[in-house]
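Structure below is coords02.csv: CSV, C-alpha atoms.
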chain,number,residue,atom,x,y,z
A,300,MET,CA,-15.2,-5.4,-36.3
A,301,ARG,CA,-14.3,-3.8,-33.0
A,302,ASP,CA,-10.7,-5.2,-33.0
A,303,THR,CA,-8.0,-4.9,-35.6
A,304,LEU,CA,-7.7,-8.3,-37.2
A,305,HIS,CA,-4.0,-8.0,-37.7
A,306,ILE,CA,-2.1,-8.2,-34.4
A,307,PRO,CA,1.2,-6.3,-34.8
A,308,LEU,CA,4.3,-7.4,-33.1
A,309,ARG,CA,6.5,-4.7,-31.5
A,310,PRO,CA,9.9,-6.4,-31.4
A,311,TRP,CA,11.9,-4.2,-28.9
A,312,PRO,CA,9.3,-4.2,-26.1
A,313,THR,CA,8.7,-7.9,-26.7
A,314,LEU,CA,12.4,-8.7,-26.5
A,315,GLY,CA,12.8,-6.6,-23.4
A,316,VAL,CA,10.0,-8.4,-21.6
A,317,VAL,CA,11.3,-11.8,-22.7
A,318,ALA,CA,14.8,-10.9,-21.5
A,319,ALA,CA,13.4,-9.8,-18.1
A,320,LEU,CA,11.6,-13.0,-17.7
A,321,ALA,CA,14.7,-15.0,-18.7
A,322,LEU,CA,16.7,-13.2,-16.0
A,323,LEU,CA,14.1,-13.5,-13.3
A,324,PRO,CA,15.2,-17.0,-11.9
A,325,LEU,CA,18.8,-16.0,-11.9
A,326,ALA,CA,17.9,-12.8,-9.9
A,327,ALA,CA,15.7,-14.8,-7.5
A,328,LEU,CA,18.4,-17.4,-6.8
A,329,ALA,CA,21.1,-14.7,-6.5
A,330,LEU,CA,19.0,-13.1,-3.8
A,331,GLY,CA,18.5,-16.4,-2.0
A,332,GLN,CA,14.7,-16.5,-2.8
A,333,PRO,CA,14.1,-19.8,-4.6
A,334,PHE,CA,10.4,-19.6,-3.7
A,335,TYR,CA,9.8,-16.9,-6.2
A,336,VAL,CA,11.1,-19.2,-9.0
A,337,VAL,CA,8.3,-21.7,-8.3
A,338,PHE,CA,5.8,-18.8,-7.8
A,339,ALA,CA,6.8,-17.3,-11.2
A,340,THR,CA,6.4,-20.7,-12.8
A,341,ARG,CA,2.9,-20.9,-11.5
A,342,VAL,CA,2.2,-17.4,-12.9
A,343,LEU,CA,3.4,-18.5,-16.3
A,344,ILE,CA,1.2,-21.6,-16.3
A,345,TYR,CA,-1.9,-19.6,-15.3
A,346,ALA,CA,-1.0,-17.1,-18.0
A,347,LEU,CA,-1.2,-20.0,-20.5
A,348,ILE,CA,-4.6,-21.1,-19.1
A,349,ALA,CA,-6.0,-17.5,-19.0
A,350,THR,CA,-4.8,-16.9,-22.6
A,351,SER,CA,-6.8,-20.0,-23.7
A,352,LEU,CA,-10.0,-18.6,-22.0
A,353,ASN,CA,-9.3,-15.2,-23.5
A,354,LEU,CA,-9.4,-16.8,-26.9
A,355,LEU,CA,-13.0,-17.9,-26.2
A,356,ILE,CA,-14.3,-14.8,-24.4
A,357,GLY,CA,-12.4,-12.0,-26.1
A,358,TYR,CA,-12.2,-13.2,-29.6
A,359,GLY,CA,-15.0,-15.7,-29.9
A,360,GLY,CA,-17.6,-14.1,-27.7
A,361,MET,CA,-18.1,-17.4,-25.9
A,362,VAL,CA,-18.3,-16.7,-22.1
A,363,SER,CA,-17.5,-20.1,-20.7
A,364,PHE,CA,-17.9,-20.5,-16.9
A,365,GLY,CA,-16.6,-24.1,-17.0
A,366,HIS,CA,-13.0,-23.6,-18.2
A,367,ALA,CA,-11.6,-25.1,-15.0
A,368,ALA,CA,-13.0,-28.5,-16.1
A,369,PHE,CA,-10.4,-28.7,-18.9
A,370,VAL,CA,-7.6,-27.7,-16.5
A,371,GLY,CA,-8.7,-30.5,-14.1
A,372,ALA,CA,-8.8,-33.0,-17.0
A,373,GLY,CA,-5.2,-32.3,-17.9
A,374,ALA,CA,-4.0,-32.4,-14.3
A,375,TYR,CA,-5.8,-35.7,-13.5
A,376,THR,CA,-4.5,-37.2,-16.7
A,377,VAL,CA,-0.9,-36.6,-15.5
A,378,ALA,CA,-1.7,-37.8,-12.0
A,379,LEU,CA,-3.2,-41.1,-13.3
A,380,LEU,CA,-0.6,-41.9,-15.9
A,381,MET,CA,2.5,-41.4,-13.7
A,382,PRO,CA,1.7,-44.2,-11.2
A,383,ALA,CA,1.1,-46.4,-14.2
A,384,GLY,CA,4.8,-46.0,-15.1
A,385,ILE,CA,4.6,-43.2,-17.7
A,386,VAL,CA,7.0,-40.6,-16.4
A,387,SER,CA,8.1,-38.9,-19.6
A,388,ALA,CA,6.8,-35.3,-20.0
A,389,TRP,CA,6.9,-35.9,-23.8
A,390,LEU,CA,4.0,-38.3,-23.3
A,391,LEU,CA,2.3,-36.9,-20.2
A,392,TRP,CA,1.9,-33.3,-21.4
A,393,PRO,CA,0.5,-34.2,-24.9
A,394,ALA,CA,-1.8,-36.6,-23.1
A,395,SER,CA,-3.1,-33.8,-20.8
A,396,LEU,CA,-3.6,-31.6,-23.9
A,397,ILE,CA,-5.6,-34.4,-25.6
A,398,ALA,CA,-7.7,-34.9,-22.4
A,399,GLY,CA,-8.5,-31.2,-22.3
A,400,ALA,CA,-9.4,-31.2,-26.0
A,401,LEU,CA,-11.6,-34.3,-25.7
A,402,LEU,CA,-13.5,-32.9,-22.7
A,403,ALA,CA,-13.9,-29.6,-24.5
A,404,PHE,CA,-15.4,-31.4,-27.5
A,405,LEU,CA,-17.9,-33.3,-25.3
A,406,ILE,CA,-18.9,-30.2,-23.5
A,407,GLY,CA,-18.8,-27.8,-26.4
A,408,ALA,CA,-20.8,-30.0,-28.8
A,409,PRO,CA,-24.1,-29.5,-26.9
A,410,SER,CA,-23.2,-26.2,-25.2
A,411,LEU,CA,-22.5,-24.3,-28.4
A,412,ARG,CA,-26.0,-24.9,-29.6
A,413,THR,CA,-27.1,-22.3,-27.0
A,414,ARG,CA,-26.1,-18.6,-26.7
A,415,GLY,CA,-25.9,-15.9,-24.1
A,416,VAL,CA,-26.8,-16.7,-20.6
A,417,SER,CA,-27.9,-20.2,-21.5
A,418,PHE,CA,-24.4,-20.9,-22.8
A,419,ILE,CA,-22.8,-19.6,-19.6
A,420,MET,CA,-25.1,-21.7,-17.4
A,421,ILE,CA,-24.7,-24.9,-19.4
A,422,THR,CA,-20.9,-24.7,-19.3
A,423,LEU,CA,-21.1,-24.1,-15.6
A,424,ALA,CA,-23.4,-27.1,-15.2
A,425,PHE,CA,-21.1,-29.4,-17.1
A,426,ALA,CA,-18.0,-28.2,-15.1
A,427,GLN,CA,-19.8,-28.8,-11.8
A,428,MET,CA,-20.9,-32.3,-13.0
A,429,ALA,CA,-17.2,-33.1,-13.7
A,430,TYR,CA,-16.2,-31.7,-10.3
A,431,TYR,CA,-18.7,-33.8,-8.4
A,432,LEU,CA,-17.8,-36.9,-10.5
A,433,VAL,CA,-14.1,-36.4,-9.5
A,434,LEU,CA,-15.1,-35.8,-5.9
A,435,SER,CA,-17.1,-39.0,-5.7
A,436,LEU,CA,-14.5,-41.4,-7.2
A,437,ARG,CA,-12.1,-43.1,-4.8
A,438,ALA,CA,-9.8,-43.9,-7.7
A,439,LEU,CA,-9.3,-40.2,-8.1
A,440,GLY,CA,-8.6,-39.6,-4.5
A,441,SER,CA,-12.0,-38.0,-3.7
A,442,ASP,CA,-11.4,-35.0,-1.4
A,443,ASP,CA,-7.7,-35.7,-0.9
A,444,GLY,CA,-6.8,-35.8,-4.6
A,445,LEU,CA,-3.8,-37.5,-6.0
A,446,THR,CA,0.0,-37.1,-5.4
A,447,LEU,CA,2.6,-37.6,-8.1
A,448,GLY,CA,5.5,-38.4,-5.9
A,449,ALA,CA,8.0,-36.8,-8.4
A,450,ARG,CA,8.1,-34.5,-11.3
A,451,PRO,CA,8.0,-35.9,-14.9
A,452,SER,CA,11.2,-36.5,-16.8
A,453,LEU,CA,12.0,-34.4,-19.9
A,454,GLY,CA,15.2,-36.2,-20.8
A,455,PHE,CA,17.9,-33.6,-21.3
A,456,VAL,CA,16.2,-31.1,-18.9
A,457,ASP,CA,16.1,-31.9,-15.2
A,458,LEU,CA,12.6,-30.7,-14.2
A,459,ASP,CA,13.4,-31.3,-10.5
A,460,ARG,CA,15.4,-28.1,-10.7
A,461,ASP,CA,12.9,-25.2,-10.3
A,462,ALA,CA,14.8,-22.9,-12.6
A,463,ALA,CA,14.8,-25.6,-15.4
A,464,PHE,CA,11.0,-26.1,-15.0
A,465,TYR,CA,10.5,-22.3,-15.1
A,466,TYR,CA,12.3,-22.0,-18.5
A,467,VAL,CA,10.3,-24.9,-19.9
A,468,ALA,CA,7.1,-23.2,-18.8
A,469,LEU,CA,8.3,-19.9,-20.3
A,470,ALA,CA,9.0,-21.6,-23.6
A,471,ILE,CA,5.6,-23.2,-23.7
A,472,LEU,CA,3.9,-19.9,-22.9
A,473,LEU,CA,5.8,-18.0,-25.6
A,474,GLY,CA,5.0,-20.8,-28.1
A,475,ALA,CA,1.3,-20.7,-27.2
A,476,LEU,CA,1.2,-16.9,-27.5
A,477,ALA,CA,2.8,-17.1,-30.9
A,478,ALA,CA,0.4,-19.9,-32.0
A,479,VAL,CA,-2.6,-17.8,-30.8
A,480,ARG,CA,-1.4,-14.8,-32.6
A,481,GLY,CA,-0.9,-16.8,-35.8
A,482,LEU,CA,-4.4,-18.3,-35.4
A,483,LEU,CA,-6.0,-14.9,-35.0
A,484,ASN,CA,-4.3,-13.5,-38.0
A,485,ALA,CA,-5.3,-16.5,-40.1
A,486,PRO,CA,-8.7,-16.9,-41.9
A,487,LEU,CA,-10.0,-19.0,-38.9
A,488,GLY,CA,-9.2,-16.1,-36.5
A,489,ARG,CA,-10.8,-13.5,-38.7
A,490,ALA,CA,-13.9,-15.7,-39.1
A,491,LEU,CA,-14.0,-16.2,-35.4
A,492,GLN,CA,-14.0,-12.4,-34.7
A,493,GLY,CA,-16.7,-12.0,-37.3
A,494,ILE,CA,-18.8,-14.5,-35.5
A,495,ARG,CA,-18.2,-12.7,-32.3
A,496,ASP,CA,-19.4,-9.4,-33.8
A,497,ASN,CA,-22.4,-10.7,-35.8
A,498,GLU,CA,-23.0,-14.4,-35.9
A,499,THR,CA,-26.3,-14.1,-37.8
A,500,ARG,CA,-24.6,-12.2,-40.7
A,501,MET,CA,-21.7,-14.7,-40.8
A,502,GLU,CA,-24.2,-17.6,-41.1
A,503,ALA,CA,-26.0,-15.7,-43.8
A,504,ILE,CA,-22.9,-15.4,-46.0
A,505,GLY,CA,-22.2,-19.1,-45.7
A,506,PHE,CA,-19.9,-19.7,-42.7
A,507,ALA,CA,-20.4,-22.8,-40.7
A,508,THR,CA,-20.4,-20.9,-37.4
A,509,TYR,CA,-21.2,-23.8,-35.1
A,510,ARG,CA,-18.3,-25.9,-36.5
A,511,LEU,CA,-15.9,-22.9,-36.3
A,512,LYS,CA,-16.8,-22.2,-32.7
A,513,LEU,CA,-16.5,-25.8,-31.7
A,514,LEU,CA,-13.1,-26.0,-33.3
A,515,VAL,CA,-11.9,-23.0,-31.3
A,516,PHE,CA,-13.6,-24.3,-28.2
A,517,VAL,CA,-11.6,-27.5,-28.5
A,518,ILE,CA,-8.3,-25.6,-29.1
A,519,ALA,CA,-8.9,-23.6,-26.0
A,520,GLY,CA,-9.7,-26.7,-24.0
A,521,ALA,CA,-6.5,-28.4,-25.3
A,522,ALA,CA,-4.4,-25.4,-24.1
A,523,ALA,CA,-6.1,-25.4,-20.7
A,524,GLY,CA,-5.6,-29.2,-20.4
A,525,LEU,CA,-1.9,-28.6,-21.1
A,526,GLY,CA,-1.8,-26.0,-18.4
A,527,GLY,CA,-3.4,-28.4,-16.0
A,528,GLY,CA,-0.8,-31.0,-16.8
A,529,LEU,CA,1.9,-28.4,-16.1
A,530,LEU,CA,0.3,-27.4,-12.8
A,531,ALA,CA,0.1,-31.1,-11.7
A,532,SER,CA,3.8,-31.6,-12.6
A,533,LEU,CA,4.9,-28.4,-10.8
A,534,ASN,CA,2.9,-29.0,-7.6
A,535,GLY,CA,3.1,-32.8,-7.4
A,536,LEU,CA,-0.5,-32.7,-6.1
A,537,VAL,CA,-3.9,-32.7,-7.9
A,538,GLY,CA,-7.2,-32.0,-6.1
A,539,PRO,CA,-10.8,-31.6,-7.1
A,540,ASN,CA,-10.7,-27.9,-6.4
A,541,LEU,CA,-9.0,-27.4,-9.8
A,542,LEU,CA,-12.4,-28.2,-11.4
A,543,HIS,CA,-14.6,-26.1,-9.0
A,544,TRP,CA,-16.6,-23.2,-10.4
A,545,THR,CA,-14.6,-20.7,-8.2
A,546,GLU,CA,-11.5,-21.7,-10.2
A,547,SER,CA,-13.4,-20.9,-13.4
A,548,GLY,CA,-14.4,-17.6,-11.9
A,549,LEU,CA,-10.7,-16.8,-11.0
A,550,LEU,CA,-9.7,-17.5,-14.6
A,551,MET,CA,-12.4,-15.2,-15.8
A,552,ILE,CA,-11.3,-12.4,-13.4
A,553,MET,CA,-7.7,-12.8,-14.9
A,554,VAL,CA,-9.1,-12.3,-18.4
A,555,ILE,CA,-11.2,-9.3,-17.4
A,556,LEU,CA,-8.4,-7.7,-15.4
A,557,GLY,CA,-5.9,-8.0,-18.3
A,558,GLY,CA,-8.3,-7.1,-21.0
A,559,THR,CA,-10.6,-9.3,-23.1
A,560,GLY,CA,-9.8,-9.4,-26.8
A,561,ARG,CA,-6.1,-8.5,-26.3
A,562,LEU,CA,-3.4,-11.0,-27.1
A,563,LEU,CA,-1.6,-10.5,-23.8
A,564,GLY,CA,-4.7,-9.8,-21.8
A,565,GLY,CA,-5.0,-13.2,-20.2
A,566,ALA,CA,-1.2,-13.4,-19.4
A,567,LEU,CA,-1.1,-9.9,-18.0
A,568,GLY,CA,-4.3,-10.4,-15.9
A,569,ALA,CA,-2.9,-13.7,-14.5
A,570,ALA,CA,0.4,-12.1,-13.5
A,571,VAL,CA,-1.2,-9.0,-11.9
A,572,LEU,CA,-3.9,-11.0,-10.0
A,573,LEU,CA,-1.5,-13.7,-8.6
A,574,ILE,CA,1.1,-11.1,-7.6
A,575,ALA,CA,-1.5,-8.9,-6.0
A,576,GLU,CA,-2.9,-12.0,-4.1
A,577,GLU,CA,0.6,-12.9,-2.9
A,578,ALA,CA,1.5,-9.4,-1.8
A,579,ILE,CA,-1.8,-8.7,0.0
A,580,ALA,CA,-1.9,-12.2,1.7
A,581,GLU,CA,1.5,-11.3,3.4
A,582,HIS,CA,-0.2,-8.5,5.3
A,583,THR,CA,-3.7,-9.7,6.0
A,584,ILE,CA,-5.9,-12.8,6.0
A,585,HIS,CA,-8.6,-10.7,4.3
A,586,TRP,CA,-6.7,-10.7,1.0
A,587,PRO,CA,-9.9,-11.5,-1.1
A,588,LEU,CA,-11.2,-8.1,-0.1
A,589,GLY,CA,-8.1,-6.5,-1.4
A,590,ILE,CA,-8.3,-8.4,-4.6
A,591,GLY,CA,-11.9,-7.2,-4.9
A,592,VAL,CA,-10.9,-3.6,-4.5
A,593,VAL,CA,-8.2,-4.0,-7.2
A,594,LEU,CA,-10.7,-5.5,-9.6
A,595,LEU,CA,-13.3,-2.8,-8.9
A,596,VAL,CA,-10.7,-0.1,-9.6
A,597,VAL,CA,-9.7,-1.7,-12.9
A,598,VAL,CA,-13.3,-2.2,-14.0
A,599,LEU,CA,-14.2,1.4,-13.2
A,600,PHE,CA,-11.2,3.2,-14.5
A,601,ALA,CA,-10.0,0.8,-17.2
A,602,PRO,CA,-13.0,-1.0,-18.7
A,603,GLU,CA,-10.9,-2.5,-21.4
A,604,GLY,CA,-8.5,-4.0,-18.9
A,605,LEU,CA,-4.9,-3.2,-18.1
A,606,SER,CA,-3.7,-4.0,-21.6
A,607,GLY,CA,-6.3,-1.5,-23.0
A,608,LEU,CA,-5.1,1.1,-20.5
A,609,ALA,CA,-1.5,0.6,-21.6
A,610,ARG,CA,-2.6,1.1,-25.3
A,611,ARG,CA,-4.4,4.3,-24.4
A,612,TRP,CA,-1.3,5.6,-22.6
A,613,ARG,CA,0.8,4.8,-25.7
A,614,GLY,CA,-1.7,6.6,-27.9
A,615,THR,CA,-1.5,9.8,-25.8

Kindly present the structure from the file in structure tokens form.
Amino acid sequence: MRDTLHIPLRPWPTLGVVAALALLPLAALALGQPFYVVFATRVLIYALIATSLNLLIGYGGMVSFGHAAFVGAGAYTVALLMPAGIVSAWLLWPASLIAGALLAFLIGAPSLRTRGVSFIMITLAFAQMAYYLVLSLRALGSDDGLTLGARPSLGFVDLDRDAAFYYVALAILLGALAAVRGLLNAPLGRALQGIRDNETRMEAIGFATYRLKLLVFVIAGAAAGLGGGLLASLNGLVGPNLLHWTESGLLMIMVILGGTGRLLGGALGAAVLLIAEEAIAEHTIHWPLGIGVVLLVVVLFAPEGLSGLARRWRGT
């Protein structure tokens, strides 16, 4: 297999990064820049979503172009339940996770019977069907989307405080990364990487490859749905653009930029892309051109992504 199955954990660099992330809101507030706390929270949420897509692309070889549909399912679940009187995040966020998992099952069951370009196109087709369905339903706000009015309640944590929401998002991301690492080091993860490398051989030795891929597809959809629920809670607004194919493309760029098949590839790519977008947009309205240049440079000089480049530097 092209990747080492066991994913090592380097404690000191990991603790250093976690400590820096924990201090970030305090530094932003001390400098009088509360906007960056909300921005950093958005980065953490997209890191979670990109990590779920990296699980499919990097470790399962399933290039899904419809991942945004699961994000939208989670976001709209929160937006629909809150006006109905359900305001507890302990109920809303698991519901968004379940919504993402359910939609992933419905899309994955037929899609995973195809491979290659056919799989890419059928996931894109399903996601666009979901997008136009949301766009056409007045109950979902059509073009205008839905507003939440307030953030969910977490009981002992006041999510109306941006710093508190940031720490909750950080805890969820770290938990998700730990869960993905455990999954990849477990027999399921090893089988998944075997299927990625040679599905025909894995079938020949008795693995139920379709069921395994569908299970992982549902897990990734659940994580993306949770990310959508967190986005809706943070922004207080949900729109159909969350399900559009361009959003799926953005998530794929994050994974490629950070490095497919690397545990932190999705998170790193999300952080770099969103920070670069914010920095370039401050100086020019043509920020997509700048993002394109950044991606081109990474693809040409670091084909394994930024995390792969960092690994090569450590090796030298």

Point out the residue among A:Leu567, A:Leu511, A:Ala339, A:Ile406 with the least atom-to-atom distance to A:Tyr465, counting only C-alpha atoms.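 Smallest distance to A:Tyr465 is found for A:Ala339.
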
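Look at A:Gly560: the protein and nucleic acid residues within 8 Å of it, using only C-alpha atoms and passing over chain neighbours fewer than 6 places away, are A:Asp302, A:Asn353, A:Leu354, A:Ile356, A:Gly357, A:Tyr358.
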
Step by step: start from the point (1.8, -39.1, -5.5) in the file's coordinates, keep every protein, DNA or RNA residue that has an atom no farther than 9 Å from it, count all atoms listed in the file, and write the set as a VMD selection string. chain A and resid 378 381 to 382 445 to 449 535 to 537

Residues from the last selection, C-alpha atoms, saved as a PDB file, keeping the file's coordinate frame:
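For reference, out16.pdb as written:
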ATOM      1  CA  ALA A 378      -1.700 -37.800 -12.000  1.00  0.00           C
ATOM      2  CA  MET A 381       2.500 -41.400 -13.700  1.00  0.00           C
ATOM      3  CA  PRO A 382       1.700 -44.200 -11.200  1.00  0.00           C
ATOM      4  CA  LEU A 445      -3.800 -37.500  -6.000  1.00  0.00           C
ATOM      5  CA  THR A 446       0.000 -37.100  -5.400  1.00  0.00           C
ATOM      6  CA  LEU A 447       2.600 -37.600  -8.100  1.00  0.00           C
ATOM      7  CA  GLY A 448       5.500 -38.400  -5.900  1.00  0.00           C
ATOM      8  CA  ALA A 449       8.000 -36.800  -8.400  1.00  0.00           C
ATOM      9  CA  GLY A 535       3.100 -32.800  -7.400  1.00  0.00           C
ATOM     10  CA  LEU A 536      -0.500 -32.700  -6.100  1.00  0.00           C
ATOM     11  CA  VAL A 537      -3.900 -32.700  -7.900  1.00  0.00           C
TER      12      VAL A 537
END

Per residue of stretch 330-428 of chain A within 10 Å of stretch 513-524 of chain A, what are the shortest atom pair and its distance in Å to one decimal, counting only C-alpha atoms, with rows by chain and residue number, as a Markdown table?
| residue | atom | partner | partner_atom | distance |
| --- | --- | --- | --- | --- |
| A:Ile344 | CA | A:Ala523 | CA | 9.3 |
| A:Tyr345 | CA | A:Ala523 | CA | 9.0 |
| A:Leu347 | CA | A:Ala522 | CA | 7.2 |
| A:Ile348 | CA | A:Ala523 | CA | 4.8 |
| A:Ala349 | CA | A:Ala523 | CA | 8.1 |
| A:Thr350 | CA | A:Ala519 | CA | 8.6 |
| A:Ser351 | CA | A:Ala519 | CA | 4.8 |
| A:Leu352 | CA | A:Ala519 | CA | 6.5 |
| A:Asn353 | CA | A:Ala519 | CA | 8.8 |
| A:Leu354 | CA | A:Ala519 | CA | 6.9 |
| A:Leu355 | CA | A:Phe516 | CA | 6.7 |
| A:Tyr358 | CA | A:Val515 | CA | 10.0 |
| A:Gly359 | CA | A:Val515 | CA | 8.1 |
| A:Met361 | CA | A:Phe516 | CA | 8.6 |
| A:Ser363 | CA | A:Phe516 | CA | 9.4 |
| A:His366 | CA | A:Gly520 | CA | 7.4 |
| A:Ala367 | CA | A:Ala523 | CA | 7.9 |
| A:Ala368 | CA | A:Gly524 | CA | 8.6 |
| A:Phe369 | CA | A:Gly524 | CA | 5.1 |
| A:Val370 | CA | A:Gly524 | CA | 4.6 |
| A:Gly371 | CA | A:Gly524 | CA | 7.1 |
| A:Ala372 | CA | A:Gly524 | CA | 6.0 |
| A:Gly373 | CA | A:Gly524 | CA | 4.0 |
| A:Ala374 | CA | A:Gly524 | CA | 7.1 |
| A:Tyr375 | CA | A:Gly524 | CA | 9.5 |
| A:Thr376 | CA | A:Gly524 | CA | 8.9 |
| A:Trp392 | CA | A:Gly524 | CA | 8.6 |
| A:Pro393 | CA | A:Gly524 | CA | 9.1 |
| A:Ala394 | CA | A:Gly524 | CA | 8.7 |
| A:Ser395 | CA | A:Gly524 | CA | 5.3 |
| A:Leu396 | CA | A:Ala521 | CA | 4.5 |
| A:Ile397 | CA | A:Ala521 | CA | 6.1 |
| A:Ala398 | CA | A:Gly524 | CA | 6.4 |
| A:Gly399 | CA | A:Gly524 | CA | 4.0 |
| A:Ala400 | CA | A:Ala521 | CA | 4.1 |
| A:Leu401 | CA | A:Val517 | CA | 7.4 |
| A:Leu402 | CA | A:Gly520 | CA | 7.4 |
| A:Ala403 | CA | A:Val517 | CA | 5.1 |
| A:Phe404 | CA | A:Val517 | CA | 5.5 |
| A:Leu405 | CA | A:Val517 | CA | 9.1 |
| A:Ile406 | CA | A:Phe516 | CA | 9.2 |
| A:Gly407 | CA | A:Leu513 | CA | 6.1 |
| A:Ala408 | CA | A:Leu513 | CA | 6.7 |
| A:Pro409 | CA | A:Leu513 | CA | 9.7 |
| A:Ser410 | CA | A:Leu513 | CA | 9.3 |
| A:Leu411 | CA | A:Leu513 | CA | 7.0 |
| A:Arg412 | CA | A:Leu513 | CA | 9.8 |

Would you please work out which residue, of A:Val336, A:Leu432, A:Ala424, A:Leu330, is nearest to A:Phe464 when using only C-alpha atoms? A:Val336

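Using all atoms listed in the file, the smallest distance between any of A:Gly360, A:Leu563, A:Gly331, A:Gly591 and A:Asn497 comes from A:Gly360.
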
So which residues fall inside 12 Å of (16.5, -18.1, -7.1) if we count only C-alpha atoms? Mind giving them as a PyMOL selection string? chain A and resi 322-340+460-463+465

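Minimum atom-to-atom distance to A:Ala438, evaluated using all atoms listed in the file, belongs to A:Leu379 out of A:Leu379, A:Ile504, A:Ala575, A:Val467.
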
Would you please work out which residue, of A:Leu491, A:Ala318, A:Ile574, A:Ala477, is nearest to A:Tyr509 when using only C-alpha atoms?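 Smallest distance to A:Tyr509 is found for A:Leu491.
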
Of the listed residues A:Gly505, A:Pro539, A:Gly564, A:Pro486, that which approaches A:Val433 most closely, counting all atoms listed in the file: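 Using all atoms listed in the file, A:Val433 sits closest to A:Pro539.
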
Atomic separation - atom CA of A:Leu533 relative to atom CA of A:Asp459, Å: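 These atoms are spaced 9.0 Å apart.
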
Please, what distance in Å, to one decimal, runs between atom CA of A:Ala346 and atom CA of A:Ala569?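 So the answer is 5.2 Å.
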
d(atom CA of A:Pro602, atom CA of A:Phe364) in Å: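 Atom-to-atom, atom CA of A:Pro602 and atom CA of A:Phe364 are spaced 20.2 Å apart.
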